[in-house]
$ cat work_21.txt   # compact mmCIF, C-alpha atoms
# COMPACT_ATOMS: atom_id res chain seq x y z
CA MET A 1 -63.02 -21.30 -35.36
CA ARG A 2 -62.72 -17.52 -35.40
CA LEU A 3 -59.36 -15.74 -35.31
CA ASP A 4 -59.85 -14.40 -31.79
CA ASP A 5 -60.72 -17.92 -30.61
CA SER A 6 -57.58 -19.23 -32.28
CA LEU A 7 -55.48 -16.57 -30.60
CA TYR A 8 -57.02 -17.34 -27.22
CA TYR A 9 -56.42 -21.04 -27.77
CA GLY A 10 -52.76 -20.51 -28.68
CA ALA A 11 -52.10 -18.08 -25.82
CA ARG A 12 -53.71 -20.42 -23.28
CA SER A 13 -51.58 -23.28 -24.52
CA LEU A 14 -48.42 -21.23 -24.08
CA THR A 15 -49.31 -20.02 -20.59
CA THR A 16 -50.16 -23.56 -19.50
CA HIS A 17 -46.52 -24.64 -19.98
CA ARG A 18 -44.73 -21.55 -18.69
CA ALA A 19 -41.22 -22.94 -18.25
CA ARG A 20 -41.13 -24.23 -21.80
CA THR A 21 -42.55 -20.97 -23.13
CA TRP A 22 -40.10 -18.74 -21.26
CA LEU A 23 -37.14 -20.84 -22.41
CA THR A 24 -38.21 -20.42 -26.03
CA LEU A 25 -38.86 -16.69 -25.60
CA PHE A 26 -35.42 -16.29 -24.04
CA ALA A 27 -33.71 -17.99 -26.99
CA MET A 28 -35.63 -15.96 -29.58
CA GLY A 29 -35.02 -12.73 -27.66
CA LEU A 30 -31.27 -13.29 -27.40
CA GLY A 31 -31.03 -14.13 -31.09
CA THR A 32 -32.93 -10.99 -32.09
CA ALA A 33 -30.91 -8.79 -29.72
CA ALA A 34 -27.65 -10.23 -31.06
CA VAL A 35 -28.58 -9.30 -34.64
CA VAL A 36 -29.45 -5.71 -33.70
CA LEU A 37 -26.48 -5.17 -31.38
CA LEU A 38 -23.88 -6.56 -33.79
CA SER A 39 -25.27 -4.54 -36.67
CA ALA A 40 -25.24 -1.45 -34.40
CA LEU A 41 -21.61 -2.17 -33.51
CA GLY A 42 -20.60 -2.46 -37.17
CA GLU A 43 -22.55 0.64 -38.19
CA GLY A 44 -21.10 2.56 -35.26
CA ALA A 45 -17.58 1.60 -36.35
CA ARG A 46 -18.37 2.74 -39.90
CA HIS A 47 -19.67 6.11 -38.69
CA TYR A 48 -16.66 6.53 -36.38
CA VAL A 49 -14.08 5.91 -39.11
CA LEU A 50 -15.88 8.08 -41.67
CA ASN A 51 -16.23 10.88 -39.13
CA GLU A 52 -12.52 10.69 -38.31
CA PHE A 53 -11.62 11.10 -41.97
CA THR A 54 -14.18 13.86 -42.44
CA GLN A 55 -12.51 15.80 -39.63
CA LEU A 56 -9.44 16.08 -41.85
CA GLY A 57 -11.42 18.46 -44.03
CA THR A 58 -13.40 18.28 -47.24
CA HIS A 59 -12.36 17.87 -50.90
CA LEU A 60 -8.86 16.90 -49.83
CA LEU A 61 -5.98 15.40 -51.76
CA ILE A 62 -2.98 14.11 -49.84
CA VAL A 63 0.31 14.33 -51.72
CA LEU A 64 3.06 12.03 -50.43
CA PRO A 65 6.67 11.79 -51.64
CA GLY A 66 7.46 8.60 -53.53
CA ARG A 67 5.42 6.55 -55.96
CA ASN A 68 3.67 3.43 -54.70
CA GLU A 69 4.48 1.55 -57.93
CA THR A 70 8.21 2.00 -57.27
CA SER A 71 8.41 -0.72 -54.62
CA GLY A 72 5.12 -2.45 -55.25
CA GLY A 73 3.83 -1.46 -51.82
CA PRO A 74 2.48 1.56 -49.96
CA PRO A 75 4.28 4.88 -50.36
CA PRO A 76 7.16 5.40 -47.92
CA LEU A 77 6.41 7.85 -45.14
CA PHE A 78 10.04 8.20 -44.13
CA GLY A 79 13.28 7.19 -45.77
CA GLU A 80 14.58 7.29 -49.32
CA THR A 81 12.36 8.37 -52.19
CA PRO A 82 13.23 9.17 -55.82
CA ARG A 83 13.05 12.86 -54.97
CA ASP A 84 12.02 14.77 -51.85
CA LEU A 85 8.82 16.77 -51.82
CA THR A 86 9.99 20.29 -51.05
CA LEU A 87 8.42 23.53 -49.92
CA GLY A 88 9.05 24.93 -53.41
CA ASP A 89 6.93 22.09 -54.84
CA ALA A 90 4.15 22.92 -52.38
CA VAL A 91 4.22 26.62 -53.27
CA ALA A 92 4.02 25.71 -56.97
CA LEU A 93 0.93 23.58 -56.29
CA SER A 94 -0.82 26.49 -54.59
CA ARG A 95 -0.72 28.47 -57.87
CA SER A 96 -3.02 25.99 -59.64
CA ARG A 97 -6.62 27.11 -60.21
CA PHE A 98 -7.75 23.72 -58.93
CA VAL A 99 -6.19 24.35 -55.51
CA THR A 100 -8.10 26.41 -52.94
CA ARG A 101 -5.77 25.84 -50.01
CA MET A 102 -2.40 24.18 -49.61
CA ALA A 103 -0.89 23.06 -46.30
CA PRO A 104 2.66 21.66 -46.43
CA ILE A 105 3.52 19.50 -43.44
CA ALA A 106 6.86 18.78 -41.82
CA VAL A 107 6.76 16.49 -38.79
CA GLY A 108 9.32 15.59 -36.16
CA SER A 109 9.83 15.13 -32.45
CA ALA A 110 11.62 17.58 -30.18
CA PRO A 111 11.75 18.60 -26.51
CA VAL A 112 9.61 21.59 -25.56
CA SER A 113 10.67 23.41 -22.41
CA TYR A 114 9.57 26.33 -20.29
CA GLY A 115 11.64 27.19 -17.26
CA SER A 116 12.59 23.92 -15.57
CA LEU A 117 9.77 21.95 -17.19
CA GLN A 118 10.32 19.94 -20.35
CA ARG A 119 8.22 17.56 -22.46
CA GLU A 120 9.06 15.58 -25.59
CA VAL A 121 6.23 16.06 -28.10
CA THR A 122 5.41 15.95 -31.80
CA ILE A 123 6.23 19.14 -33.69
CA VAL A 124 4.12 19.92 -36.76
CA GLY A 125 5.37 22.52 -39.22
CA SER A 126 2.78 24.03 -41.54
CA THR A 127 1.12 27.26 -42.67
CA SER A 128 -2.01 29.24 -41.83
CA ASP A 129 -4.01 27.04 -44.23
CA PHE A 130 -3.43 24.06 -41.95
CA GLN A 131 -6.19 25.30 -39.62
CA PRO A 132 -9.10 25.43 -42.13
CA VAL A 133 -7.89 22.36 -44.03
CA ARG A 134 -7.77 20.22 -40.87
CA GLN A 135 -10.74 22.06 -39.33
CA ILE A 136 -8.79 22.82 -36.17
CA GLU A 137 -10.42 24.94 -33.49
CA LEU A 138 -8.64 27.38 -31.20
CA ALA A 139 -9.32 27.84 -27.51
CA GLN A 140 -7.34 31.06 -27.22
CA GLY A 141 -5.24 33.38 -29.33
CA LEU A 142 -4.43 33.07 -33.01
CA PHE A 143 -3.19 30.40 -35.39
CA LEU A 144 -0.07 30.71 -37.54
CA PRO A 145 -0.08 34.05 -39.39
CA PRO A 146 -0.52 34.08 -43.19
CA GLY A 147 2.35 35.08 -45.40
CA ASP A 148 5.33 33.65 -47.22
CA PRO A 149 5.58 29.96 -46.24
CA GLU A 150 9.34 30.02 -46.85
CA ARG A 151 9.83 32.59 -44.10
CA ALA A 152 10.72 31.15 -40.70
CA ARG A 153 8.97 32.86 -37.81
CA PRO A 154 9.50 32.18 -34.08
CA VAL A 155 5.83 31.63 -33.22
CA THR A 156 3.96 28.52 -32.10
CA VAL A 157 0.50 27.23 -31.24
CA LEU A 158 0.35 24.69 -28.40
CA GLY A 159 -1.97 21.78 -27.76
CA GLU A 160 -4.05 21.88 -24.60
CA THR A 161 -2.22 19.02 -22.86
CA LEU A 162 1.23 20.44 -23.59
CA ALA A 163 0.19 23.91 -22.41
CA ARG A 164 -1.22 22.50 -19.17
CA GLU A 165 1.96 20.50 -18.46
CA LEU A 166 4.19 23.53 -19.00
CA PHE A 167 2.07 26.39 -17.63
CA GLY A 168 -0.46 24.76 -15.32
CA ASN A 169 -3.61 26.89 -15.11
CA ARG A 170 -1.90 30.05 -16.40
CA SER A 171 -2.48 31.29 -19.94
CA PRO A 172 0.56 30.57 -22.15
CA LEU A 173 -0.20 33.40 -24.60
CA GLY A 174 2.74 35.72 -25.10
CA GLU A 175 5.20 33.47 -23.25
CA TRP A 176 8.50 32.34 -24.80
CA ILE A 177 9.29 28.64 -24.84
CA ARG A 178 12.17 26.61 -26.22
CA ILE A 179 11.64 23.94 -28.87
CA GLY A 180 14.84 22.04 -29.44
CA ASP A 181 17.55 24.72 -29.56
CA ARG A 182 15.26 27.55 -30.72
CA ARG A 183 12.95 30.00 -28.95
CA PHE A 184 9.30 30.49 -29.95
CA ARG A 185 6.57 32.79 -28.68
CA VAL A 186 3.19 31.21 -27.92
CA ILE A 187 0.44 32.96 -29.91
CA GLY A 188 -2.39 30.43 -29.67
CA LEU A 189 -3.85 27.45 -27.85
CA LEU A 190 -5.60 24.58 -29.62
CA ALA A 191 -9.04 23.56 -28.40
CA THR A 192 -9.37 20.15 -26.79
CA LYS A 193 -10.30 17.73 -29.55
CA GLY A 194 -9.00 14.33 -28.44
CA GLN A 195 -7.40 12.10 -31.04
CA SER A 196 -7.60 12.37 -34.80
CA LEU A 197 -6.41 9.31 -36.76
CA GLY A 198 -4.26 8.23 -33.84
CA GLN A 199 -2.61 11.64 -33.31
CA GLU A 200 -3.12 13.32 -29.96
CA LEU A 201 -3.89 16.92 -30.91
CA GLY A 202 -3.53 18.11 -27.34
CA ASP A 203 0.09 17.01 -27.07
CA LEU A 204 1.75 18.78 -29.98
CA ALA A 205 3.13 22.14 -31.02
CA VAL A 206 2.46 23.76 -34.40
CA ILE A 207 5.13 26.05 -35.86
CA PRO A 208 5.71 27.59 -39.32
CA VAL A 209 6.87 25.00 -41.84
CA ALA A 210 10.09 26.86 -42.63
CA SER A 211 10.90 26.98 -38.91
CA ALA A 212 10.29 23.23 -38.67
CA GLN A 213 12.60 22.53 -41.61
CA ALA A 214 15.31 24.60 -39.96
CA LEU A 215 14.69 22.91 -36.61
CA PHE A 216 14.98 19.41 -38.08
CA ASN A 217 17.63 20.44 -40.62
CA THR A 218 15.82 18.97 -43.62
CA PRO A 219 14.26 20.48 -46.78
CA ALA A 220 11.90 17.49 -47.21
CA LEU A 221 8.20 17.61 -46.40
CA PHE A 222 6.27 14.80 -44.75
CA ARG A 223 3.29 15.40 -47.04
CA VAL A 224 1.18 18.19 -48.55
CA LEU A 225 -2.55 18.59 -47.94
CA VAL A 226 -4.36 20.16 -50.88
CA GLN A 227 -7.97 21.33 -50.79
CA ALA A 228 -9.88 21.50 -54.09
CA PRO A 229 -12.72 23.98 -54.70
CA SER A 230 -15.35 21.21 -54.90
CA ARG A 231 -15.74 17.47 -55.09
CA SER A 232 -16.48 17.63 -58.82
CA VAL A 233 -12.95 18.86 -59.69
CA LEU A 234 -10.99 16.38 -57.56
CA ALA A 235 -9.91 14.45 -60.67
CA ASP A 236 -8.83 17.66 -62.41
CA ALA A 237 -6.94 18.76 -59.30
CA GLU A 238 -5.13 15.43 -59.11
CA GLU A 239 -4.06 15.66 -62.74
CA ALA A 240 -2.91 19.27 -62.28
CA ILE A 241 -0.83 18.27 -59.25
CA ARG A 242 0.83 15.45 -61.20
CA ALA A 243 1.60 17.79 -64.10
CA ILE A 244 3.21 20.37 -61.78
CA VAL A 245 5.29 17.73 -60.02
CA ARG A 246 6.44 16.21 -63.33
CA GLU A 247 7.51 19.63 -64.54
CA ARG A 248 9.52 20.31 -61.39
CA HIS A 249 10.94 16.79 -61.03
CA GLU A 250 12.45 16.47 -64.50
CA GLY A 251 9.55 14.52 -65.95
CA GLU A 252 9.32 12.02 -63.06
CA ASP A 253 5.88 11.21 -61.69
CA ASP A 254 7.30 10.37 -58.27
CA VAL A 255 4.52 11.30 -55.86
CA THR A 256 1.51 9.40 -54.57
CA ILE A 257 -1.79 11.26 -54.47
CA ILE A 258 -4.56 9.94 -52.26
CA THR A 259 -8.01 11.49 -52.52
CA GLN A 260 -10.15 11.72 -49.43
CA ASP A 261 -13.17 10.40 -51.33
CA ALA A 262 -11.24 7.29 -52.35
CA LEU A 263 -10.33 6.61 -48.72
CA LEU A 264 -13.89 7.20 -47.55
CA SER A 265 -15.34 4.95 -50.26
CA THR A 266 -12.88 2.15 -49.49
CA PHE A 267 -13.51 2.22 -45.75
CA ASP A 268 -17.25 2.52 -46.31
CA ARG A 269 -17.29 -0.62 -48.46
CA ILE A 270 -15.09 -2.59 -46.08
CA LEU A 271 -17.01 -1.66 -42.94
CA THR A 272 -20.39 -2.18 -44.60
CA ALA A 273 -19.29 -5.67 -45.62
CA LEU A 274 -18.08 -6.38 -42.08
CA THR A 275 -21.38 -5.14 -40.65
CA LEU A 276 -23.35 -7.44 -42.91
CA ALA A 277 -21.01 -10.34 -42.10
CA VAL A 278 -21.32 -10.07 -38.32
CA THR A 279 -25.07 -9.54 -38.67
CA GLY A 280 -25.31 -12.70 -40.76
CA ILE A 281 -23.36 -14.61 -38.12
CA ALA A 282 -25.77 -13.36 -35.47
CA ALA A 283 -28.71 -14.36 -37.65
CA ILE A 284 -27.47 -17.95 -37.56
CA SER A 285 -28.37 -17.97 -33.88
CA MET A 286 -31.97 -17.66 -35.04
CA THR A 287 -31.66 -21.17 -36.45
CA VAL A 288 -30.88 -22.47 -32.98
CA ALA A 289 -33.93 -20.70 -31.61
CA GLY A 290 -36.02 -22.05 -34.50
CA VAL A 291 -34.92 -25.60 -33.73
CA LEU A 292 -35.92 -25.01 -30.12
CA ILE A 293 -39.37 -23.88 -31.26
CA MET A 294 -39.71 -27.01 -33.37
CA ASN A 295 -38.79 -29.24 -30.43
CA VAL A 296 -41.20 -27.40 -28.15
CA MET A 297 -44.01 -27.75 -30.66
CA LEU A 298 -43.29 -31.45 -31.24
CA VAL A 299 -43.50 -32.03 -27.51
CA ALA A 300 -46.73 -30.03 -27.45
CA VAL A 301 -48.19 -32.21 -30.22
CA ALA A 302 -47.26 -35.36 -28.30
CA GLN A 303 -48.79 -34.04 -25.06
CA ARG A 304 -51.98 -32.78 -26.71
CA THR A 305 -52.78 -35.77 -28.90
CA GLY A 306 -56.13 -36.34 -27.25
CA GLU A 307 -57.00 -32.65 -27.52
CA ILE A 308 -56.19 -32.68 -31.22
CA GLY A 309 -58.27 -35.84 -31.69
CA LEU A 310 -61.23 -34.19 -29.97
CA LEU A 311 -60.99 -31.13 -32.22
CA LYS A 312 -60.90 -33.30 -35.32
CA ALA A 313 -63.80 -35.43 -34.03
CA LEU A 314 -65.84 -32.24 -33.63
CA GLY A 315 -65.24 -31.46 -37.31
CA ALA A 316 -62.08 -29.30 -37.30
CA PRO A 317 -60.41 -29.70 -40.72
CA LYS A 318 -56.69 -30.29 -41.21
CA ARG A 319 -56.12 -26.68 -42.21
CA GLN A 320 -57.68 -25.54 -38.93
CA ILE A 321 -55.32 -27.70 -36.88
CA LEU A 322 -52.42 -26.55 -39.04
CA ARG A 323 -53.39 -22.94 -38.50
CA LEU A 324 -53.68 -23.37 -34.72
CA PHE A 325 -50.17 -24.72 -34.33
CA LEU A 326 -48.64 -22.25 -36.78
CA LEU A 327 -50.34 -19.45 -34.89
CA GLU A 328 -48.87 -20.77 -31.67
CA ALA A 329 -45.39 -20.80 -33.24
CA LEU A 330 -46.00 -17.26 -34.53
CA LEU A 331 -46.97 -16.07 -31.05
CA LEU A 332 -43.78 -17.57 -29.63
CA SER A 333 -41.47 -16.04 -32.24
CA GLY A 334 -43.33 -12.71 -32.25
CA ALA A 335 -43.17 -12.30 -28.48
CA GLY A 336 -39.49 -13.33 -28.47
CA THR A 337 -38.74 -10.83 -31.24
CA ALA A 338 -40.45 -7.99 -29.39
CA GLY A 339 -38.54 -8.79 -26.22
CA GLY A 340 -35.25 -9.04 -28.10
CA LEU A 341 -35.76 -5.68 -29.83
CA ALA A 342 -36.60 -4.02 -26.53
CA LEU A 343 -33.49 -5.55 -24.93
CA ALA A 344 -31.27 -4.45 -27.84
CA PHE A 345 -32.47 -0.83 -27.86
CA ALA A 346 -32.13 -0.64 -24.08
CA ALA A 347 -28.54 -1.91 -24.33
CA VAL A 348 -27.72 0.58 -27.12
CA THR A 349 -29.18 3.48 -25.11
CA LEU A 350 -27.26 2.45 -21.98
CA PHE A 351 -23.97 2.08 -23.88
CA ASN A 352 -24.30 5.44 -25.64
CA SER A 353 -25.11 7.18 -22.37
CA GLN A 354 -21.96 5.82 -20.74
CA VAL A 355 -19.44 6.03 -23.61
CA ASP A 356 -18.72 9.32 -25.39
CA ALA A 357 -15.86 8.37 -27.72
CA PHE A 358 -17.76 5.69 -29.63
CA LYS A 359 -21.48 5.44 -30.33
CA LEU A 360 -23.54 2.43 -31.36
CA VAL A 361 -25.73 3.23 -34.36
CA VAL A 362 -28.67 0.97 -35.17
CA PRO A 363 -29.19 0.91 -38.96
CA PHE A 364 -32.82 1.23 -40.01
CA TRP A 365 -32.81 -2.21 -41.62
CA ALA A 366 -31.47 -4.09 -38.57
CA PRO A 367 -34.72 -4.29 -36.50
CA LEU A 368 -36.70 -5.14 -39.64
CA ALA A 369 -34.24 -7.84 -40.67
CA ALA A 370 -34.07 -9.27 -37.15
CA ALA A 371 -37.84 -9.38 -36.86
CA ALA A 372 -38.26 -10.94 -40.32
CA VAL A 373 -35.64 -13.63 -39.70
CA SER A 374 -36.99 -14.40 -36.23
CA ILE A 375 -40.62 -14.73 -37.31
CA ALA A 376 -39.65 -16.65 -40.44
CA ALA A 377 -37.59 -19.08 -38.35
CA GLY A 378 -40.53 -19.58 -35.99
CA LEU A 379 -42.95 -20.30 -38.85
CA VAL A 380 -40.56 -22.54 -40.80
CA PHE A 381 -39.58 -24.65 -37.82
CA GLY A 382 -43.15 -24.66 -36.53
CA LEU A 383 -44.44 -26.09 -39.82
CA LEU A 384 -43.30 -29.68 -39.19
CA PRO A 385 -45.06 -30.04 -35.81
CA ALA A 386 -48.15 -28.35 -37.26
CA LEU A 387 -48.24 -30.80 -40.19
CA ARG A 388 -47.79 -33.69 -37.81
CA ALA A 389 -50.71 -32.51 -35.69
CA ALA A 390 -52.92 -31.95 -38.76
CA ARG A 391 -52.27 -35.48 -40.04
CA LEU A 392 -53.25 -37.26 -36.80
CA ASP A 393 -56.10 -39.73 -37.15
CA PRO A 394 -58.91 -38.65 -34.77
CA VAL A 395 -59.72 -42.20 -33.66
CA VAL A 396 -56.09 -43.03 -32.88
CA ALA A 397 -55.61 -39.66 -31.20
CA LEU A 398 -58.66 -40.16 -28.94
CA ALA A 399 -57.58 -43.70 -28.14
CA ASP A 400 -54.21 -42.38 -26.86
CA ARG A 401 -55.92 -39.84 -24.62

$ encode --input "work_21.txt" --output "structure tokens"
Amino acid sequence: MRLDDSLYYGARSLTTHRARTWLTLFAMGLGTAAVVLLSALGEGARHYVLNEFTQLGTHLLIVLPGRNETSGGPPPLFGETPRDLTLGDAVALSRSRFVTRMAPIAVGSAPVSYGSLQREVTIVGSTSDFQPVRQIELAQGLFLPPGDPERARPVTVLGETLARELFGNRSPLGEWIRIGDRRFRVIGLLATKGQSLGQELGDLAVIPVASAQALFNTPALFRVLVQAPSRSVLADAEEAIRAIVRERHEGEDDVTIITQDALLSTFDRILTALTLAVTGIAAISMTVAGVLIMNVMLVAVAQRTGEIGLLKALGAPKRQILRLFLLEALLLSGAGTAGGLALAFAAVTLFNSQVDAFKLVVPFWAPLAAAAVSIAAGLVFGLLPALRAARLDPVVALADR
């Protein structure tokens, strides 16, 4: 029997029992779509997290007060540390040849008022380097002016949400506002950028770091962002930072330094493992579909015993019968796979068109893996019915017709 005849024979058999065929196609399609969609969800989460960290800047080292080995846990963000990280420490770091930019950060909460309107928001104290380090965009005006970071200046840059709540549709540039018990002149407006690592950029005010320390009456810094010249010198920059801190802190290595690359690599490994795990769980559903194919084919063998006997009586060898039923199983799994892939890509396209904050990303290997597992399941579970049909005795098979 030629291949085209075998294909025609298998297709005709499937169309003869439409309800059974559609049920099997539905199971295979759902299993294939589940593999692709779950892998797209995991890959989308990985891209989202990595993009959020990348928005912090490039070649970054984050210097936090306190050493993580001191308490056996993560470094304290607030509270007691062996020694505060001060603005003088930050200025000393900026003199290293391994430091391109340095942005000290002081953070607190304070009421911001204009006229009779008031809003409690996060206040970030930093320097002019904070803008390029964090890759912050401006909608209007200027960012914090460069100069001596230890000089307090009464200027501020407002987030878009805060500016809208205080000034409505009017431009806030040049206006004087009150932050806590101090007056500041608005010189810039941050561009709308949504959230970054859980912080709403539109609902904050940025002021000079010295002004923030005076406002919150503390010499301590929340952290220091350091940008190295390139990725290749991150290790040298980390060692230089530790040496400077030890020199200034009486020989104590009491800071924690986190490199951006280390964070990215850790999250990349974790999210990749999660993506593979959920994809593997979805692939298990293929087993259920494969079992359904096996049951369908066993029923087909029982219903077509006389037909099989006639083929064998006409001289069809066992391998021919085996090939016919395997081809039928392949047609079922192949058609189900194609339908599942089409369903998955349609769902991904629809989701991405409706949701802007998070995008599903289909990894290149997901459709290939889904198709391979689906077709393999169809062939493996179709082998038993095919062997059973091939082993039928033609006389017995014709007698049962």

$ residues_around --input "work_21.txt" --residues "segment 124-135 of chain A" --least-positions-apart "4" --cutoff "10 Å" --atoms "only C-alpha atoms" --output "JSON, numbers by chain"
{"A": [53, 54, 55, 56, 57, 58, 59, 60, 100, 101, 102, 103, 104, 105, 106, 107, 108, 109, 142, 143, 144, 145, 146, 147, 148, 149, 150, 156, 157, 196, 204, 205, 206, 207, 208, 209, 210, 211, 212, 213, 215, 221, 222, 224, 225, 226, 227]}

$ closest_residue --input "work_21.txt" --among "A:Arg46, A:Arg248, A:Arg20, A:Arg183" --to "Leu276 of chain A" --atoms "all atoms listed in the file"
A:Arg46

$ atom_distance --input "work_21.txt" --atom1 "atom CA of Ala377 of chain A" --atom2 "atom CA of Thr279 of chain A"
15.7 Å

$ atom_distance --input "work_21.txt" --atom1 "atom CA of Ser96 of chain A" --atom2 "atom CA of Pro154 of chain A"
29.1 Å

$ closest_residue --input "work_21.txt" --among "A:Leu341, A:Leu387, A:Ile62, A:Ile187" --to "Leu234 of chain A" --atoms "all atoms listed in the file"
A:Ile62
